[in-house]
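Pasted below: upload_0.cif, mmCIF, C-alpha atoms and all ligand atoms.
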```cif
data_protein
loop_
_atom_site.label_atom_id
_atom_site.label_comp_id
_atom_site.auth_asym_id
_atom_site.auth_seq_id
_atom_site.Cartn_x
_atom_site.Cartn_y
_atom_site.Cartn_z
CA MET A 17 -8.15 12.95 7.41
CA ARG A 18 -5.06 12.71 5.16
CA LEU A 19 -3.13 9.54 5.81
CA VAL A 20 -0.19 7.56 4.51
CA ILE A 21 0.11 3.84 5.28
CA MET A 22 3.56 2.32 4.96
CA GLY A 23 5.32 -0.94 5.70
CA PRO A 24 7.19 -3.66 3.84
CA PRO A 25 5.57 -5.67 1.02
CA GLY A 26 3.06 -8.14 2.48
CA ALA A 27 2.74 -6.21 5.77
CA GLY A 28 -1.01 -5.83 5.38
CA LYS A 29 -1.27 -2.27 4.00
CA GLY A 30 -3.90 -3.08 1.36
CA THR A 31 -5.93 -5.21 3.78
CA GLN A 32 -6.03 -2.50 6.46
CA SER A 33 -6.52 0.27 3.89
CA ALA A 34 -9.81 -1.26 2.74
CA MET A 35 -11.06 -1.17 6.36
CA ILE A 36 -9.73 2.37 7.08
CA ALA A 37 -11.19 3.81 3.85
CA GLN A 38 -14.61 2.46 4.74
CA ARG A 39 -14.50 3.38 8.40
CA PHE A 40 -13.32 6.97 7.88
CA SER A 41 -15.04 7.51 4.48
CA ILE A 42 -11.92 8.48 2.58
CA PRO A 43 -10.66 7.22 -0.81
CA HIS A 44 -7.99 4.50 -0.79
CA VAL A 45 -5.27 5.58 -3.21
CA SER A 46 -2.94 2.65 -3.93
CA THR A 47 -0.21 3.26 -6.50
CA GLY A 48 0.22 -0.50 -6.94
CA ASP A 49 -3.51 -0.81 -7.75
CA ILE A 50 -3.27 2.09 -10.23
CA PHE A 51 -0.37 0.35 -12.01
CA ARG A 52 -2.16 -3.03 -12.03
CA LYS A 53 -5.31 -1.43 -13.48
CA ASN A 54 -3.25 0.21 -16.23
CA LEU A 55 -1.50 -3.06 -16.91
CA LYS A 56 -4.82 -4.89 -17.24
CA GLU A 57 -6.05 -2.21 -19.65
CA GLY A 58 -2.79 -2.34 -21.61
CA THR A 59 -2.09 1.42 -21.35
CA PRO A 60 1.43 2.82 -22.00
CA LEU A 61 1.73 3.54 -18.25
CA GLY A 62 0.84 -0.08 -17.47
CA MET A 63 3.42 -1.38 -19.98
CA LYS A 64 6.11 0.88 -18.53
CA ALA A 65 5.30 -0.07 -14.92
CA LYS A 66 5.38 -3.80 -15.76
CA GLU A 67 9.09 -3.60 -16.66
CA TYR A 68 9.84 -2.64 -13.05
CA MET A 69 7.08 -4.46 -11.16
CA SER A 70 7.84 -7.88 -12.61
CA LYS A 71 11.44 -7.56 -11.36
CA GLY A 72 10.43 -6.33 -7.91
CA LEU A 73 11.91 -2.87 -8.61
CA LEU A 74 10.42 0.56 -8.07
CA VAL A 75 8.82 2.47 -10.92
CA PRO A 76 10.78 5.76 -11.43
CA ASP A 77 9.89 8.57 -9.02
CA GLU A 78 8.78 11.09 -11.70
CA THR A 79 6.24 8.62 -13.11
CA VAL A 80 4.74 7.77 -9.71
CA VAL A 81 4.68 11.36 -8.46
CA ALA A 82 2.85 12.50 -11.62
CA ILE A 83 0.08 9.90 -11.24
CA VAL A 84 -0.37 10.64 -7.53
CA LYS A 85 -0.55 14.38 -8.19
CA ASP A 86 -3.32 13.81 -10.77
CA ARG A 87 -5.18 11.48 -8.44
CA LEU A 88 -5.03 13.92 -5.50
CA ASP A 89 -6.47 16.61 -7.79
CA GLU A 90 -9.67 14.58 -8.15
CA LYS A 91 -12.75 15.78 -6.30
CA ASP A 92 -13.11 12.83 -3.91
CA CYS A 93 -9.69 13.57 -2.37
CA LYS A 94 -10.87 16.98 -1.13
CA LYS A 95 -12.40 15.28 1.93
CA GLY A 96 -9.15 13.43 2.73
CA PHE A 97 -7.36 10.33 1.44
CA LEU A 98 -5.32 7.31 2.37
CA LEU A 99 -2.12 6.84 0.38
CA ASP A 100 -1.05 3.18 0.25
CA GLY A 101 2.33 2.25 -1.26
CA PHE A 102 3.28 5.88 -1.81
CA PRO A 103 5.69 7.47 -1.01
CA ARG A 104 8.28 4.71 -1.31
CA THR A 105 11.45 6.82 -1.50
CA VAL A 106 12.60 9.97 0.30
CA ALA A 107 12.48 11.79 -3.07
CA GLN A 108 8.80 10.81 -3.43
CA ALA A 109 8.08 12.00 0.13
CA VAL A 110 9.71 15.37 -0.56
CA ALA A 111 7.77 15.66 -3.83
CA LEU A 112 4.52 14.78 -2.01
CA ASP A 113 5.16 17.53 0.56
CA GLY A 114 5.58 19.98 -2.33
CA VAL A 115 2.41 18.82 -4.12
CA LEU A 116 0.37 19.10 -0.90
CA THR A 117 1.81 22.50 0.03
CA ASP A 118 0.76 23.79 -3.40
CA MET A 119 -2.75 22.49 -2.66
CA ASP A 120 -2.72 24.05 0.83
CA MET A 121 -2.76 20.66 2.50
CA SER A 122 -0.50 18.40 4.57
CA ILE A 123 -0.39 14.83 5.85
CA ASP A 124 -2.02 14.30 9.26
CA HIS A 125 -0.65 10.85 10.19
CA VAL A 126 1.61 8.14 8.80
CA LEU A 127 0.71 4.59 9.84
CA ASN A 128 3.67 2.23 9.81
CA ILE A 129 2.93 -1.51 9.91
CA ASP A 130 5.87 -3.34 11.39
CA VAL A 131 6.20 -7.07 10.53
CA PRO A 132 9.17 -9.47 10.81
CA LYS A 133 10.74 -10.58 7.51
CA GLU A 134 9.89 -14.32 7.75
CA VAL A 135 6.22 -13.43 8.22
CA LEU A 136 6.28 -11.11 5.20
CA ILE A 137 7.37 -13.81 2.80
CA GLU A 138 4.67 -16.20 4.01
CA ARG A 139 2.04 -13.48 3.72
CA ALA A 140 3.02 -12.29 0.24
CA VAL A 141 3.51 -15.77 -1.24
CA GLY A 142 0.12 -16.91 0.13
CA ARG A 143 -1.68 -13.79 -1.12
CA ARG A 144 -4.41 -14.25 -3.72
CA VAL A 145 -6.19 -11.38 -5.43
CA CYS A 146 -9.44 -11.22 -7.34
CA LYS A 147 -8.80 -10.82 -11.04
CA ALA A 148 -12.03 -8.84 -11.42
CA CYS A 149 -12.26 -6.50 -8.41
CA GLY A 150 -8.77 -6.68 -6.84
CA ALA A 151 -9.97 -7.84 -3.38
CA THR A 152 -7.18 -9.49 -1.37
CA TYR A 153 -7.24 -12.92 0.31
CA HIS A 154 -4.70 -15.28 1.84
CA VAL A 155 -4.63 -19.05 1.39
CA MET A 156 -4.38 -19.59 5.17
CA TYR A 157 -5.13 -16.35 7.02
CA ASN A 158 -8.00 -14.90 5.02
CA SER A 159 -9.40 -17.58 2.77
CA PRO A 160 -12.56 -17.05 0.70
CA SER A 161 -15.70 -19.07 1.50
CA ARG A 162 -15.54 -20.84 -1.91
CA GLU A 163 -12.02 -21.90 -2.86
CA GLY A 164 -10.50 -19.82 -5.67
CA LEU A 165 -13.48 -17.45 -5.90
CA CYS A 166 -13.94 -13.91 -4.61
CA ASP A 167 -16.52 -13.46 -1.82
CA SER A 168 -17.43 -9.97 -3.06
CA CYS A 169 -17.90 -10.52 -6.79
CA GLY A 170 -17.35 -14.23 -7.55
CA GLY A 171 -14.28 -13.43 -9.72
CA ALA A 172 -11.35 -15.85 -10.03
CA LEU A 173 -8.55 -15.53 -7.47
CA ILE A 174 -5.01 -15.45 -8.84
CA GLN A 175 -1.48 -15.07 -7.51
CA ARG A 176 0.24 -11.79 -8.41
CA GLU A 177 3.22 -12.31 -10.70
CA ASP A 178 5.41 -10.33 -8.26
CA ASP A 179 4.34 -12.55 -5.33
CA ARG A 180 6.62 -15.41 -6.40
CA GLU A 181 9.14 -16.00 -3.61
CA GLU A 182 12.24 -14.74 -5.46
CA THR A 183 10.49 -11.49 -6.42
CA VAL A 184 9.15 -11.02 -2.89
CA VAL A 185 12.70 -11.36 -1.52
CA LYS A 186 13.87 -8.69 -3.99
CA ARG A 187 10.97 -6.39 -3.06
CA ILE A 188 11.87 -6.70 0.63
CA GLU A 189 15.50 -5.75 -0.18
CA VAL A 190 14.28 -2.73 -2.15
CA TYR A 191 12.04 -1.78 0.78
CA LEU A 192 14.93 -1.95 3.27
CA GLU A 193 17.19 0.18 1.06
CA GLN A 194 14.81 2.74 -0.38
CA THR A 195 11.60 2.87 1.67
CA LYS A 196 12.60 2.15 5.28
CA PRO A 197 14.42 5.53 5.59
CA LEU A 198 10.97 7.12 5.42
CA ILE A 199 10.34 5.88 8.97
CA ASP A 200 12.92 8.43 10.21
CA TYR A 201 11.68 11.06 7.75
CA TYR A 202 8.13 10.94 9.14
CA SER A 203 9.18 10.28 12.72
CA GLU A 204 11.22 13.52 12.70
CA LYS A 205 8.10 15.34 11.51
CA GLY A 206 6.14 13.87 14.43
CA LEU A 207 3.69 12.11 12.08
CA LEU A 208 4.57 8.45 12.59
CA ILE A 209 2.28 5.95 14.33
CA SER A 210 3.81 2.45 14.42
CA MET A 211 1.69 -0.71 14.71
CA ASP A 212 2.64 -4.25 15.62
CA GLY A 213 1.62 -5.88 12.33
CA GLY A 214 2.58 -9.38 13.52
CA GLN A 215 -0.88 -9.90 14.98
CA GLY A 216 -4.04 -11.05 13.21
CA ILE A 217 -5.92 -8.89 10.68
CA LYS A 218 -8.60 -7.84 13.16
CA GLU A 219 -6.13 -7.07 15.96
CA VAL A 220 -4.00 -4.87 13.69
CA GLY A 221 -7.17 -3.12 12.47
CA ASP A 222 -8.26 -2.47 16.06
CA GLN A 223 -4.86 -0.93 16.89
CA ILE A 224 -5.18 1.39 13.88
CA VAL A 225 -8.73 2.51 14.62
CA LYS A 226 -7.88 3.14 18.28
CA ALA A 227 -4.81 5.22 17.36
CA LEU A 228 -6.68 7.28 14.76
CA GLU A 229 -9.75 7.90 16.89
CA LYS A 230 -7.52 9.12 19.72
CA ARG A 231 -6.00 11.70 17.40
CA GLN A 232 -9.14 12.86 15.58
P1 LIG B 1 0.52 -5.19 1.45
O1 LIG B 1 -0.56 -4.33 0.83
O2 LIG B 1 1.21 -4.52 2.60
O3 LIG B 1 1.50 -5.74 0.45
P2 LIG B 1 -1.67 -7.10 1.94
O4 LIG B 1 -2.67 -6.28 2.69
O5 LIG B 1 -2.00 -7.41 0.53
O6 LIG B 1 -0.19 -6.46 2.09
O7 LIG B 1 -1.44 -8.44 2.78
C1 LIG B 1 -0.54 -9.45 2.31
C2 LIG B 1 -1.16 -10.82 2.55
O8 LIG B 1 -1.20 -11.08 3.96
C3 LIG B 1 -2.60 -10.95 2.05
O9 LIG B 1 -2.76 -12.26 1.56
C4 LIG B 1 -3.45 -10.70 3.31
O10 LIG B 1 -4.68 -11.41 3.26
C5 LIG B 1 -2.55 -11.25 4.42
N1 LIG B 1 -2.60 -10.49 5.66
C6 LIG B 1 -2.69 -9.14 5.80
N2 LIG B 1 -2.66 -8.79 7.12
C7 LIG B 1 -2.52 -9.95 7.81
C8 LIG B 1 -2.40 -10.27 9.21
N3 LIG B 1 -2.41 -9.31 10.15
N4 LIG B 1 -2.26 -11.58 9.56
C9 LIG B 1 -2.22 -12.54 8.61
N5 LIG B 1 -2.33 -12.32 7.28
C10 LIG B 1 -2.48 -11.05 6.89
P1 LIG B 2 2.23 -2.72 -4.20
O1 LIG B 2 0.89 -3.07 -4.77
O2 LIG B 2 2.18 -1.51 -3.33
O3 LIG B 2 2.90 -3.91 -3.56
O4 LIG B 2 3.15 -2.30 -5.45
C1 LIG B 2 3.46 -3.22 -6.48
C2 LIG B 2 4.59 -2.67 -7.32
O5 LIG B 2 4.19 -1.46 -7.97
C3 LIG B 2 5.88 -2.32 -6.57
O6 LIG B 2 6.71 -3.43 -6.33
C4 LIG B 2 6.51 -1.32 -7.56
O7 LIG B 2 7.10 -1.98 -8.67
C5 LIG B 2 5.28 -0.55 -8.08
N1 LIG B 2 5.00 0.62 -7.21
C6 LIG B 2 3.89 0.82 -6.46
N2 LIG B 2 3.97 1.99 -5.80
C7 LIG B 2 5.17 2.53 -6.12
C8 LIG B 2 5.86 3.71 -5.72
N3 LIG B 2 5.33 4.58 -4.85
N4 LIG B 2 7.09 3.94 -6.25
C9 LIG B 2 7.64 3.09 -7.14
N5 LIG B 2 7.06 1.94 -7.53
C10 LIG B 2 5.83 1.66 -7.02
#
```
Before anything else, please render the file you have as structure tokens.
Ligand code: ADP
Ligand code: AMP
Amino acid sequence: MRLVIMGPPGAGKGTQSAMIAQRFSIPHVSTGDIFRKNLKEGTPLGMKAKEYMSKGLLVPDETVVAIVKDRLDEKDCKKGFLLDGFPRTVAQAVALDGVLTDMDMSIDHVLNIDVPKEVLIERAVGRRVCKACGATYHVMYNSPSREGLCDSCGGALIQREDDREETVVKRIEVYLEQTKPLIDYYSEKGLLISMDGGQGIKEVGDQIVKALEKRQ
């Protein structure tokens, strides 16, 4: 299964992606995670991405498309994949279609997680991520069993630099201007499945699994 998951920042894409990847045995390809890994390792790509990420802006299309193309060329993506946080502009979506056509592939479904703005800010500002393994928690809605420590690996939980409220507000603006038009793009192609993301983590997950199993 070849999937895209989209939605505004803080909607729950990463949280649901972890579940979907496990359930359907496909790799979770998150462009945000790729940038954060590069940033942690101090690579030139990481340094370049930081300039944009710290301001809540999008990394230029050519840069993102090139890394996704390379990632999709890897062996594990032959059995399918879940793209999280990509595409984020119509230009990226058009480029993705081209990359997939060249590989004799296409997207099967696009999951869109719909969440009201006030909820997004609360979710993103309360997000904590494991410094070691990247697992995601929330101070109220998905707290770890030991405060400040990751349940999976025991690593320290930190707040992402771009999860400060003023940056979250900027990221939501960028989403509305540049990413939201993709809802029409994929709806016109008959690929869009929209979810009510205002519910709890488990309820949203159940909606997704039900929708995907129906279409398998
Ligand atoms: P995204 O990848 O879309 O930016 P995340 O999956 O990282 O979003 O979720 C943002 C924050 O909201 C995280 O702290 C996560 O634990 C929490 N969260 C995700 N889904 C829900 C939900 N349905 N209800 C409450 N909190 C949620
Ligand atoms: P995310 O982890 O998906 O919230 O992404 C964090 C940040 O990484 C975004 O705010 C952007 O700065 C950058 N980023 C991730 N994916 C993309 C993309 N597809 N296009 C441009 N920038 C991206």
Which residues of chain A come within 6 Å of ligand LIG 2 (chain B), and for each one, what is the closest pair of atoms and their distance in Å to one decimal, counting only C-alpha atoms and all ligand atoms, sorted by chain and residue number, as a Markdown table?
```
| residue | atom | partner | partner_atom | distance |
| --- | --- | --- | --- | --- |
| A:Pro25 | CA | B:LIG2 | O3 | 5.6 |
| A:Thr47 | CA | B:LIG2 | N2 | 4.4 |
| A:Gly48 | CA | B:LIG2 | O1 | 3.4 |
| A:Asp49 | CA | B:LIG2 | O1 | 5.8 |
| A:Tyr68 | CA | B:LIG2 | O7 | 5.2 |
| A:Met69 | CA | B:LIG2 | O7 | 3.5 |
| A:Gly72 | CA | B:LIG2 | O6 | 5.0 |
| A:Leu73 | CA | B:LIG2 | O7 | 4.9 |
| A:Leu74 | CA | B:LIG2 | N5 | 3.7 |
| A:Val75 | CA | B:LIG2 | N5 | 3.9 |
| A:Pro76 | CA | B:LIG2 | C9 | 5.9 |
| A:Val80 | CA | B:LIG2 | N4 | 5.7 |
| A:Gly101 | CA | B:LIG2 | O2 | 4.3 |
| A:Phe102 | CA | B:LIG2 | N3 | 3.9 |
| A:Pro103 | CA | B:LIG2 | N3 | 4.8 |
| A:Arg104 | CA | B:LIG2 | N3 | 4.6 |
```
Shortest interatomic distance to ligand LIG 1 (chain B) - which of A:Ser41, A:Gln194, A:Asn158, A:Gln232, counting only C-alpha atoms and all ligand atoms: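 Comparing A:Ser41, A:Gln194, A:Asn158, A:Gln232 against ligand LIG 1 (chain B), the winner is A:Asn158.
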Residue neighbourhood A:Arg52, 10 Å, only C-alpha atoms, exclusion window fewer than 6 positions, as number ranges by chain: A: 46, 58, 61-63, 65-66, 69, 150, 176
Written file, previous selection with C-alpha atoms, as a PDB file, keeping the file's coordinate frame:
```pdb
ATOM      1  CA  SER A  46      -2.940   2.650  -3.930  1.00  0.00           C
ATOM      2  CA  GLY A  58      -2.790  -2.340 -21.610  1.00  0.00           C
ATOM      3  CA  LEU A  61       1.730   3.540 -18.250  1.00  0.00           C
ATOM      4  CA  GLY A  62       0.840  -0.080 -17.470  1.00  0.00           C
ATOM      5  CA  MET A  63       3.420  -1.380 -19.980  1.00  0.00           C
ATOM      6  CA  ALA A  65       5.300  -0.070 -14.920  1.00  0.00           C
ATOM      7  CA  LYS A  66       5.380  -3.800 -15.760  1.00  0.00           C
ATOM      8  CA  MET A  69       7.080  -4.460 -11.160  1.00  0.00           C
ATOM      9  CA  GLY A 150      -8.770  -6.680  -6.840  1.00  0.00           C
ATOM     10  CA  ARG A 176       0.240 -11.790  -8.410  1.00  0.00           C
TER      11      ARG A 176
END
```
Length of the atom CA of A:Cys149 to atom CA of A:Leu165 vector [Å]: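 Atom CA of A:Leu165 lies at a distance of 11.3 Å from atom CA of A:Cys149.
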Axis-aligned box over every listed atom of stretch 105-111 of chain A, padded by 6 Å per side: centre and edges in Å to one decimal, as JSON?
```
{"center_x": 10.2, "center_y": 11.2, "center_z": -1.8, "size_x": 16.8, "size_y": 20.8, "size_z": 16.1}
```
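Residue nearest ligand LIG 1 (chain B) within the list A:Gly164, A:Gly214, A:Pro60, A:Gly206: A:Gly214 [criterion: smallest interatomic distance, all atoms listed in the file].
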Contacts to ligand LIG 1 (chain B) at 8 Å cut-off (only C-alpha atoms and all ligand atoms) as a ChimeraX atom specification: /A:22-33,100-101,136,138-145,152-159,213-220
Computed interatomic separation between atom CA of A:Lys91 and atom CA of A:Pro43 (Å):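 Computing it gives 10.4 Å between the two atoms.
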From A:Glu193, A:Tyr202, A:Met211, A:Met35, residue lying nearest A:Asp124 [only C-alpha atoms]: A:Tyr202
